[in-house]
$ cat upload.txt   # compact mmCIF, C-alpha atoms
# COMPACT_ATOMS: atom_id res chain seq x y z
CA MET P 28 0.00 0.00 0.00
CA THR P 29 2.79 2.39 0.95
CA SER P 30 4.61 1.79 -2.33
CA LEU P 31 1.37 2.44 -4.25
CA LEU P 32 0.85 5.75 -2.45
CA ASN P 33 4.43 6.75 -3.14
CA ALA P 34 4.02 5.93 -6.80
CA LYS P 35 0.83 8.04 -7.04
CA ARG P 36 2.55 10.88 -5.17
CA LYS P 37 5.46 10.80 -7.64
CA GLU P 38 3.03 10.74 -10.55
CA MET P 39 1.20 13.77 -9.14
CA LEU P 40 4.46 15.68 -8.57
CA HIS P 41 5.53 14.88 -12.12
CA LEU P 42 2.21 16.15 -13.47
CA LEU P 43 2.49 19.39 -11.45
CA LEU P 44 6.01 19.89 -12.76
CA LEU P 45 4.83 19.49 -16.34
CA LEU P 46 1.99 21.95 -15.79
CA SER P 47 4.42 24.50 -14.35
CA LEU P 48 6.50 24.25 -17.51
CA VAL P 49 3.60 24.75 -19.91
CA GLN P 50 3.65 28.21 -21.48
CA PRO P 51 0.39 30.18 -21.63
CA PRO P 52 -1.25 30.03 -25.07
CA ASP P 53 -0.22 32.66 -27.61
CA SER P 54 -3.64 34.32 -27.44
CA LEU P 55 -3.27 34.89 -23.71
CA ARG P 56 0.32 36.01 -24.09
CA PHE P 57 -0.75 38.50 -26.78
CA ALA P 58 -3.60 39.81 -24.64
CA ARG P 59 -1.14 40.50 -21.82
CA LEU P 60 1.35 42.38 -24.01
CA SER P 61 2.74 45.68 -22.82
CA TRP P 62 2.59 48.25 -25.63
CA LYS P 63 4.46 51.53 -25.84
CA GLU P 64 1.68 53.90 -26.91
CA ILE P 65 2.16 57.40 -28.35
CA PRO P 66 -0.68 59.64 -29.60
CA LEU P 67 0.45 61.29 -32.85
CA LYS P 68 -2.62 63.36 -33.74
CA PRO P 69 -6.18 63.47 -32.46
CA GLY P 70 -7.55 60.02 -33.26
CA LEU P 71 -4.18 58.62 -34.41
CA VAL P 72 -2.16 56.37 -32.10
CA TRP P 73 1.16 54.57 -32.62
CA ARG P 74 1.78 51.40 -30.62
CA GLU P 75 5.00 49.42 -30.49
CA THR P 76 5.90 46.18 -28.71
CA HIS P 77 8.72 43.66 -28.57
CA ILE P 78 7.72 40.11 -27.69
CA ASP P 79 10.20 37.58 -26.37
CA THR P 80 7.99 34.62 -27.29
CA LEU P 81 5.09 34.59 -29.73
CA PHE P 82 4.61 31.53 -31.93
CA ASN P 83 7.77 30.27 -30.19
CA ALA P 84 9.86 33.17 -31.52
CA ARG P 85 10.78 36.78 -30.86
CA GLN P 86 8.64 39.38 -32.61
CA ASN P 87 8.71 43.16 -33.04
CA LEU P 88 5.45 44.88 -34.00
CA ASN P 89 4.50 48.45 -34.85
CA VAL P 90 0.84 49.39 -35.18
CA LEU P 91 -0.99 52.53 -36.27
CA VAL P 92 -4.63 52.86 -35.24
CA PHE P 93 -7.04 55.54 -36.48
CA LYS P 94 -10.71 56.01 -37.29
CA ASN P 95 -11.87 54.86 -40.68
CA LYS P 96 -12.79 58.16 -42.34
CA PRO P 97 -10.67 60.41 -40.11
CA ARG P 98 -11.77 64.05 -39.87
CA ARG P 99 -8.43 65.83 -39.99
CA LEU P 100 -6.38 63.33 -41.98
CA ARG P 101 -6.65 61.97 -45.50
CA ILE P 102 -6.00 58.34 -46.44
CA ALA P 103 -4.18 58.14 -49.77
CA PHE P 104 -1.91 56.10 -52.02
CA GLY P 105 1.43 57.30 -53.32
CA SER P 106 3.32 56.02 -56.36
CA GLY P 107 6.83 56.56 -57.66
CA GLY P 108 5.78 55.72 -61.21
CA ASP P 109 8.61 53.84 -62.93
CA SER P 110 11.13 54.79 -60.25
CA LEU P 111 11.64 53.32 -56.80
CA LYS P 112 11.79 55.60 -53.76
CA LYS P 113 12.29 55.03 -50.06
CA THR P 114 9.20 55.07 -47.86
CA SER P 115 10.69 58.06 -46.03
CA TRP P 116 10.92 59.92 -49.37
CA PHE P 117 7.18 59.45 -49.92
CA GLY P 118 6.48 60.76 -46.42
CA GLN P 119 8.57 63.86 -46.91
CA GLN P 120 7.40 64.46 -50.49
CA HIS P 121 3.71 64.32 -49.52
CA GLY P 122 4.01 66.10 -46.17
CA ALA P 123 2.53 62.98 -44.61
CA VAL P 124 1.95 62.13 -40.96
CA ALA P 125 2.42 58.37 -41.48
CA VAL P 126 3.39 56.02 -44.30
CA ILE P 127 3.67 52.26 -44.79
CA ASN P 128 4.97 50.47 -47.87
CA GLY P 129 2.37 49.31 -50.35
CA THR P 130 1.92 46.48 -52.83
CA PHE P 131 4.31 44.38 -54.92
CA PHE P 132 6.55 45.87 -57.60
CA ASP P 133 9.19 45.16 -60.25
CA VAL P 134 12.50 45.41 -58.37
CA LYS P 135 14.57 45.75 -61.57
CA ASN P 136 12.42 48.00 -63.73
CA GLY P 137 10.25 49.82 -61.20
CA GLY P 138 6.50 50.16 -61.30
CA SER P 139 3.85 48.11 -59.52
CA VAL P 140 2.99 44.62 -60.77
CA ASP P 141 -0.50 45.11 -59.32
CA LEU P 142 -3.07 47.69 -60.32
CA ILE P 143 -2.60 51.15 -58.82
CA ARG P 144 -5.16 53.90 -59.42
CA ILE P 145 -4.75 57.30 -57.77
CA ASP P 146 -7.37 60.05 -58.05
CA GLY P 147 -8.90 58.37 -61.08
CA GLN P 148 -5.63 57.81 -62.98
CA THR P 149 -4.52 54.21 -63.49
CA LEU P 150 -0.74 54.23 -63.13
CA ASP P 151 -0.07 50.47 -63.26
CA THR P 152 -2.16 47.47 -64.24
CA THR P 153 -2.04 43.96 -62.81
CA VAL P 154 0.46 41.62 -64.46
CA LEU P 155 -1.38 38.36 -65.18
CA ASP P 156 0.17 34.90 -65.41
CA LYS P 157 0.79 33.33 -68.82
CA ASN P 158 -2.63 31.64 -68.80
CA ARG P 159 -4.24 34.98 -67.81
CA SER P 160 -4.87 33.74 -64.28
CA ARG P 161 -4.36 35.84 -61.16
CA SER P 162 -1.92 34.70 -58.49
CA GLU P 163 -3.12 34.70 -54.88
CA HIS P 164 -1.72 38.12 -54.04
CA ARG P 165 -3.65 39.70 -56.94
CA GLN P 166 -7.15 38.62 -55.96
CA ALA P 167 -8.06 41.42 -53.55
CA ALA P 168 -7.69 45.16 -53.21
CA ILE P 169 -7.71 48.16 -50.91
CA VAL P 170 -9.96 50.97 -52.11
CA ILE P 171 -10.45 54.44 -50.68
CA ARG P 172 -13.98 55.76 -50.91
CA ARG P 173 -14.87 59.14 -49.36
CA ASN P 174 -11.76 58.98 -47.19
CA ARG P 175 -12.75 55.56 -45.90
CA MET P 176 -10.59 52.48 -46.45
CA LYS P 177 -12.30 49.31 -47.63
CA ILE P 178 -10.93 45.84 -48.46
CA LEU P 179 -12.49 43.97 -51.39
CA PHE P 180 -12.16 40.44 -52.74
CA GLY P 181 -12.26 40.19 -56.51
CA GLY P 182 -11.22 36.60 -57.11
CA THR P 183 -9.59 35.11 -60.19
CA ALA P 184 -11.47 36.89 -63.01
CA PRO P 185 -8.84 38.46 -65.31
CA ARG P 186 -9.85 42.14 -65.16
CA TRP P 187 -12.17 42.62 -62.21
CA ASP P 188 -9.90 45.32 -60.77
CA GLN P 189 -10.11 47.49 -63.88
CA ALA P 190 -13.92 47.46 -63.58
CA LEU P 191 -13.86 48.96 -60.08
CA ARG P 192 -15.41 52.43 -59.98
CA GLU P 193 -13.38 53.79 -57.08
CA ARG P 194 -10.90 56.52 -57.96
CA ASN P 195 -8.26 55.09 -55.60
CA VAL P 196 -7.44 51.38 -55.84
CA MET P 197 -4.46 49.25 -54.82
CA VAL P 198 -4.52 45.55 -55.68
CA THR P 199 -2.58 43.43 -53.18
CA GLY P 200 -2.83 40.29 -51.07
CA PRO P 201 -3.26 37.58 -50.14
CA LEU P 202 -6.50 38.40 -48.38
CA LEU P 203 -6.38 37.29 -44.74
CA LEU P 204 -9.80 38.09 -43.26
CA LEU P 205 -13.14 39.03 -44.78
CA ASP P 206 -16.26 39.82 -42.74
CA GLY P 207 -14.52 38.46 -39.66
CA LYS P 208 -13.82 35.06 -41.19
CA PRO P 209 -10.37 33.67 -42.06
CA HIS P 210 -9.84 33.63 -45.81
CA PRO P 211 -8.28 30.39 -47.15
CA LEU P 212 -4.54 30.54 -47.81
CA LEU P 213 -2.60 28.33 -50.18
CA LYS P 214 0.12 26.06 -48.81
CA ASN P 215 3.35 27.46 -50.24
CA ALA P 216 6.68 28.91 -49.12
CA PHE P 217 5.56 32.55 -49.42
CA ASN P 218 2.62 31.98 -47.09
CA ASP P 219 4.07 29.42 -44.71
CA ASN P 220 7.60 30.72 -44.12
CA ARG P 221 8.28 33.57 -41.72
CA HIS P 222 9.13 36.94 -43.23
CA PRO P 223 8.80 40.61 -42.32
CA ARG P 224 5.19 41.55 -43.07
CA THR P 225 3.11 44.65 -43.70
CA CYS P 226 -0.66 44.49 -43.26
CA ALA P 227 -3.75 46.72 -43.36
CA CYS P 228 -7.11 46.02 -41.77
CA VAL P 229 -10.50 47.45 -40.89
CA THR P 230 -11.80 46.54 -37.43
CA ALA P 231 -15.31 45.70 -36.33
CA ASP P 232 -15.53 49.06 -34.53
CA LYS P 233 -14.70 51.01 -37.75
CA ARG P 234 -11.05 51.69 -37.17
CA VAL P 235 -8.09 51.15 -39.45
CA ILE P 236 -4.94 49.33 -38.37
CA TRP P 237 -1.66 49.43 -40.27
CA LEU P 238 0.90 46.93 -38.97
CA THR P 239 4.51 46.08 -39.60
CA ALA P 240 6.15 42.93 -38.23
CA ASP P 241 9.93 42.86 -38.44
CA GLY P 242 11.83 39.69 -39.27
CA ARG P 243 14.88 37.86 -40.62
CA HIS P 244 16.85 38.73 -37.48
CA ALA P 245 17.61 37.22 -34.08
CA ASN P 246 15.51 39.99 -32.50
CA ALA P 247 12.45 39.25 -34.64
CA ALA P 248 11.66 36.10 -36.60
CA GLY P 249 8.82 37.54 -38.67
CA LEU P 250 5.45 35.92 -39.30
CA SER P 251 3.94 33.38 -41.64
CA LEU P 252 0.67 34.52 -43.20
CA PRO P 253 -1.42 32.21 -40.96
CA GLU P 254 0.39 33.75 -37.96
CA LEU P 255 -0.15 37.28 -39.32
CA ARG P 256 -3.84 36.51 -39.82
CA GLN P 257 -4.05 35.33 -36.21
CA VAL P 258 -2.40 38.53 -34.94
CA MET P 259 -4.85 40.65 -36.92
CA GLN P 260 -7.75 38.70 -35.43
CA TRP P 261 -6.39 39.35 -31.93
CA LEU P 262 -6.24 43.05 -32.80
CA GLY P 263 -9.97 43.00 -33.59
CA CYS P 264 -9.77 43.11 -37.40
CA ARG P 265 -12.83 42.27 -39.47
CA ASP P 266 -11.18 42.58 -42.89
CA ALA P 267 -7.40 42.26 -43.29
CA ILE P 268 -5.03 42.10 -46.25
CA ASN P 269 -1.34 41.42 -46.69
CA LEU P 270 0.90 43.97 -48.43
CA ASP P 271 4.41 43.61 -49.81
CA GLY P 272 6.81 42.46 -47.09
CA GLY P 273 10.36 41.24 -46.73
CA GLY P 274 12.90 44.03 -47.07
CA SER P 275 10.12 46.39 -48.19
CA THR P 276 8.36 46.34 -44.80
CA THR P 277 8.68 49.89 -43.47
CA MET P 278 6.68 52.21 -41.23
CA TRP P 279 7.50 55.92 -41.34
CA LEU P 280 6.15 58.49 -38.88
CA SER P 281 6.86 62.20 -39.16
CA GLY P 282 9.20 63.35 -36.39
CA HIS P 283 9.86 59.91 -34.92
CA GLY P 284 12.46 57.16 -35.22
CA GLU P 285 15.49 57.63 -37.44
CA ASN P 286 14.58 59.76 -40.44
CA GLY P 287 11.01 58.85 -39.51
CA VAL P 288 11.46 55.07 -39.76
CA VAL P 289 10.26 53.36 -36.58
CA ASN P 290 10.62 49.67 -37.45
CA TYR P 291 13.75 47.72 -38.43
CA PRO P 292 13.79 47.01 -42.19
CA SER P 293 15.34 43.62 -42.80
CA ASP P 294 17.85 44.76 -45.45
CA GLY P 295 19.80 46.16 -42.49
CA LYS P 296 21.42 43.04 -41.04
CA ASN P 297 22.57 44.86 -37.88
CA TRP P 298 19.10 45.73 -36.51
CA VAL P 299 19.10 49.36 -37.66
CA ARG P 300 16.26 51.57 -38.85
CA THR P 301 18.20 53.24 -41.64
CA ALA P 302 18.38 50.37 -44.16
CA GLU P 303 15.28 51.24 -46.21
CA ARG P 304 14.57 49.39 -49.43
CA PRO P 305 13.24 51.66 -52.19
CA VAL P 306 9.66 50.76 -53.09
CA SER P 307 7.21 51.62 -55.84
CA ASN P 308 4.15 52.66 -53.84
CA VAL P 309 2.85 53.37 -50.35
CA LEU P 310 -0.19 54.01 -48.16
CA LEU P 311 -0.23 57.53 -46.71
CA LEU P 312 -1.94 59.50 -43.99
CA LYS P 313 -1.74 63.15 -45.04
$ encode --input "upload.txt" --output "structure tokens"
Amino acid sequence: MTSLLNAKRKEMLHLLLLLSLVQPPDSLRFARLSWKEIPLKPGLVWRETHIDTLFNARQNLNVLVFKNKPRRLRIAFGSGGDSLKKTSWFGQQHGAVAVINGTFFDVKNGGSVDLIRIDGQTLDTTVLDKNRSRSEHRQAAIVIRRNRMKILFGGTAPRWDQALRERNVMVTGPLLLLDGKPHPLLKNAFNDNRHPRTCACVTADKRVIWLTADGRHANAAGLSLPELRQVMQWLGCRDAINLDGGGSTTMWLSGHGENGVVNYPSDGKNWVRTAERPVSNVLLLK
């Protein structure tokens, strides 16, 4: 009897030890995060956090939050045409308050590979595959309508984006959330591997969130798209869409950071804010 009790006691102690080693789930860990929060303008807040363990890795996030259809700010797109410019250049050129990098582009020749329309002028059209199909990151778009940002899903039809009536359109993707539901993601290296990411979303309470997640460094692993989608859900997003990432991922805020850059672009291998990659287009708050 004594040996049986001792065995049960050891089993119980072992179970308690295992429970003490179990980490809280990522959702709980995210909910408990401590954010550095700085109001930039009335109704515009910048939040920054460094996480030692999220999805079993270090992460570094910057978030901008503002009302959808802000009163004293204008949501806009910016394009460099055939040339590539740093995100900070767009911010300074447009007298912006905040800028994040936009959609995908031709690194060698410049210009967006996805449709860009600004104030009614189509600057770039979507590059279709050889069989005239649309890759996953060309099946959705951000549109600006009466200073309100909206995320649309167009699907695989060849020219749905050109038929949109909005004067300001940026095709990008993949789509992450629509009407509060996770949008299906293909299984491939782009989606499943961790990279720096840039994302835009509209929340259920009619706010806009722009997010950058740093990566490719010991201080920040970056996110897969399923992980990014989960983060956007935790932030309260209803509709969310991925933008160009990798070395392009940049957040610029007037008067903050180094030359305005507040994240750590991954082209700088030494965890510096000054290694901006020139990009073709951006999202602006003016």
$ closest_residue --input "upload.txt" --among "P:Arg101, P:Arg256, P:Arg59, P:His283" --to "Asn174 (chain P)" --atoms "all atoms listed in the file"
P:Arg101
$ residues_near_point --input "upload.txt" --point "(-7.7, 62.0, -36.0)" --cutoff "12 Å" --atoms "all atoms listed in the file" --output "PyMOL selection string"
chain P and resi 66-72+91-102+124+234-235+312-313
$ atom_distance --input "upload.txt" --atom1 "CA of Asp206 (chain P)" --atom2 "CA of Asp188 (chain P)"
19.9 Å
$ residues_around --input "upload.txt" --residues "region 261-276 of chain P" --least-positions-apart "4" --cutoff "7 Å" --atoms "all atoms listed in the file" --output "VMD selection string"
chain P and resid 128 to 131 178 199 to 207 222 to 231 239 257 292 to 294 304 306
$ write_last_selection --input "upload.txt" --atoms "C-alpha atoms" --output "CSV table (one decimal), keeping the file's coordinate frame"
chain,number,residue,atom,x,y,z
P,128,ASN,CA,5.0,50.5,-47.9
P,129,GLY,CA,2.4,49.3,-50.4
P,130,THR,CA,1.9,46.5,-52.8
P,131,PHE,CA,4.3,44.4,-54.9
P,178,ILE,CA,-10.9,45.8,-48.5
P,199,THR,CA,-2.6,43.4,-53.2
P,200,GLY,CA,-2.8,40.3,-51.1
P,201,PRO,CA,-3.3,37.6,-50.1
P,202,LEU,CA,-6.5,38.4,-48.4
P,203,LEU,CA,-6.4,37.3,-44.7
P,204,LEU,CA,-9.8,38.1,-43.3
P,205,LEU,CA,-13.1,39.0,-44.8
P,206,ASP,CA,-16.3,39.8,-42.7
P,207,GLY,CA,-14.5,38.5,-39.7
P,222,HIS,CA,9.1,36.9,-43.2
P,223,PRO,CA,8.8,40.6,-42.3
P,224,ARG,CA,5.2,41.6,-43.1
P,225,THR,CA,3.1,44.6,-43.7
P,226,CYS,CA,-0.7,44.5,-43.3
P,227,ALA,CA,-3.8,46.7,-43.4
P,228,CYS,CA,-7.1,46.0,-41.8
P,229,VAL,CA,-10.5,47.4,-40.9
P,230,THR,CA,-11.8,46.5,-37.4
P,231,ALA,CA,-15.3,45.7,-36.3
P,239,THR,CA,4.5,46.1,-39.6
P,257,GLN,CA,-4.0,35.3,-36.2
P,292,PRO,CA,13.8,47.0,-42.2
P,293,SER,CA,15.3,43.6,-42.8
P,294,ASP,CA,17.8,44.8,-45.4
P,304,ARG,CA,14.6,49.4,-49.4
P,306,VAL,CA,9.7,50.8,-53.1
$ closest_residue --input "upload.txt" --among "P:Ala216, P:Leu311, P:Val90, P:Val289" --to "Met259 (chain P)" --atoms "only C-alpha atoms"
P:Val90
$ closest_residue --input "upload.txt" --among "P:Ala167, P:Asp133, P:Leu255, P:His210" --to "Ala240 (chain P)" --atoms "all atoms listed in the file"
P:Leu255
$ atom_distance --input "upload.txt" --atom1 "CA of Lys157 (chain P)" --atom2 "CA of Asp141 (chain P)"
15.2 Å
$ residues_around --input "upload.txt" --residues "Arg85 (chain P)" --least-positions-apart "3" --cutoff "9 Å" --atoms "only C-alpha atoms" --output "list in words"
His77, Ile78, Asp79, Thr80, Leu81, Phe82, Gly242, Ala245, Asn246, Ala247, Ala248 and Gly249 of chain P
$ atom_distance --input "upload.txt" --atom1 "CA of Phe104 (chain P)" --atom2 "CA of Val258 (chain P)"
24.5 Å
$ closest_residue --input "upload.txt" --among "P:Met197, P:Lys112, P:Glu163, P:Met176" --to "Val134 (chain P)" --atoms "all atoms listed in the file"
P:Lys112
